Structures are given as structure tokens and as C-alpha cells.
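Colleague: Compact mmCIF, C-alpha atoms, saved as coords_21.txt, coming up:
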# COMPACT_ATOMS: atom_id res chain seq x y z
CA MET A 85 7.76 -3.32 -10.32
CA GLY A 86 5.50 -0.80 -12.06
CA ILE A 87 6.84 2.39 -10.56
CA ASN A 88 6.25 5.64 -12.42
CA ILE A 89 8.21 8.53 -10.93
CA GLU A 90 7.83 11.98 -12.42
CA VAL A 91 9.65 15.20 -11.61
CA PHE A 92 8.56 18.50 -13.10
CA PRO A 93 10.63 21.72 -13.11
CA LYS A 94 9.68 24.35 -10.56
CA GLY A 95 9.92 27.70 -12.34
CA ARG A 96 13.44 28.22 -13.67
CA GLU A 97 14.91 25.38 -11.63
CA ASP A 98 18.38 24.08 -12.42
CA PRO A 99 18.34 20.63 -14.14
CA LYS A 100 20.86 19.35 -11.58
CA ARG A 101 18.38 20.17 -8.82
CA MET A 102 15.65 18.25 -10.69
CA ILE A 103 17.91 15.22 -10.95
CA LYS A 104 18.61 15.47 -7.22
CA ARG A 105 14.86 15.52 -6.46
CA PHE A 106 14.33 12.54 -8.80
CA VAL A 107 17.00 10.47 -7.03
CA LYS A 108 15.51 11.41 -3.66
CA LYS A 109 12.06 10.24 -4.78
CA CYS A 110 13.53 6.98 -6.10
CA LYS A 111 15.21 6.29 -2.76
CA LYS A 112 12.03 7.11 -0.84
CA ASP A 113 9.95 4.72 -2.95
CA GLY A 114 12.55 1.96 -2.64
CA PHE A 115 12.97 1.73 -6.40
CA LEU A 116 16.77 1.51 -6.39
CA ARG A 117 16.79 -1.05 -3.58
CA GLU A 118 14.38 -3.25 -5.54
CA VAL A 119 16.50 -3.02 -8.69
CA VAL A 120 19.60 -4.08 -6.77
CA GLU A 121 17.72 -6.98 -5.15
CA ARG A 122 16.48 -8.24 -8.52
CA GLN A 123 19.94 -8.32 -10.09
CA ARG A 124 20.60 -11.74 -8.58
CA PHE A 125 18.24 -14.69 -8.23
CA LYS A 126 17.42 -15.74 -4.68
CA LYS A 127 16.24 -19.22 -3.88
CA PRO A 128 12.88 -19.41 -2.10
CA SER A 129 14.56 -20.89 0.98
CA GLU A 130 16.93 -17.92 1.09
CA VAL A 131 14.01 -15.49 0.87
CA LYS A 132 12.25 -17.31 3.74
CA ARG A 133 15.41 -17.21 5.83
CA MET A 134 15.84 -13.48 5.26
CA LYS A 135 12.19 -12.76 6.15
CA LYS A 136 12.49 -14.85 9.31
CA LYS A 137 15.67 -13.05 10.34
CA LYS A 138 14.08 -9.65 9.73
CA ARG A 139 10.96 -10.66 11.68
CA GLN A 140 13.06 -11.87 14.63
CA LYS A 141 14.98 -8.59 14.66
CA VAL A 142 11.75 -6.57 14.78
CA LEU A 143 10.29 -8.76 17.53
CA GLN A 144 13.47 -8.45 19.58
CA LYS A 145 13.37 -4.67 19.29
CA LEU A 146 9.70 -4.57 20.35
CA HIS A 147 10.44 -6.88 23.27
CA GLU A 148 13.31 -4.65 24.42
CA GLU A 149 11.09 -1.54 24.18
CA TYR A 150 8.40 -3.31 26.20
CA GLU A 151 10.90 -4.38 28.87
CA ASN A 152 12.30 -0.85 29.18
CA LYS A 153 8.84 0.71 29.36
CA TYR A 154 7.45 -1.57 32.06
CA LYS A 155 10.63 -2.22 33.98
CA GLU A 156 10.11 -1.64 37.69
Would you write out, as C-alpha cells, the structure that this file holds?
Modeller:
Amino acid sequence: MGINIEVFPKGREDPKRMIKRFVKKCKKDGFLREVVERQRFKKPSEVKRMKKKKRQKVLQKLHEEYENKYKE
């Protein structure tokens, strides 16, 4: 989880604006999502199940795009 996020002031930038940029960077890097996920232990079987479900969802979406593209 070694994420190092830095935000430097741009000129005479308002500190509230800097905080807003920091939060935006954290969201982009997925830092906050990872912290929330690590708050609770997940059994290995649960992790496998979630990965499988996510993989099936992606494959279904790709299949639907393929069907729509080559539908005649």
C-alpha cells in the first residue's frame, strides 16, 4: 500500500483548493477505495468469488459489444 501522494501550492493558491486537489488525486489512485477494502478481513474464498463475478461482468459486456458490432 506504499502510496506517496504530494500536492504543492501553485502560486498563492487557497489551502482549500490544495485539499480539493489532494482528495482528487487520492480518488484517482484508488487510495481511499483500498483503505475502505482493508478495514475488514475477507476470506480467500470471498476474494475469489468477487474476482470471478467481476470477470464474468466484464466478459458479458465484451460479448454484448461484439454482438452489437457484428449483428447482421
Colleague: What does the structure give for the distance between atom CA of A:Arg139 and atom CA of A:Glu151, in Å to one decimal?
Modeller: 18.3 Å
Colleague: Just give me the gap between atom CA of A:Val91 and atom CA of A:Arg105 in Å, one decimal is fine.
Modeller: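 Taking atom CA of A:Val91 as the start and atom CA of A:Arg105 as the end point, the length is 7.3 Å.
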Colleague: Return the single residue from A:Val142, A:Lys127, A:Ile89, A:Asp98 that is closest to A:Asp113, with distances computed using all atoms listed in the file.
Modeller: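 Once distances to A:Asp113 are computed over all atoms listed in the file, the minimum belongs to A:Ile89.
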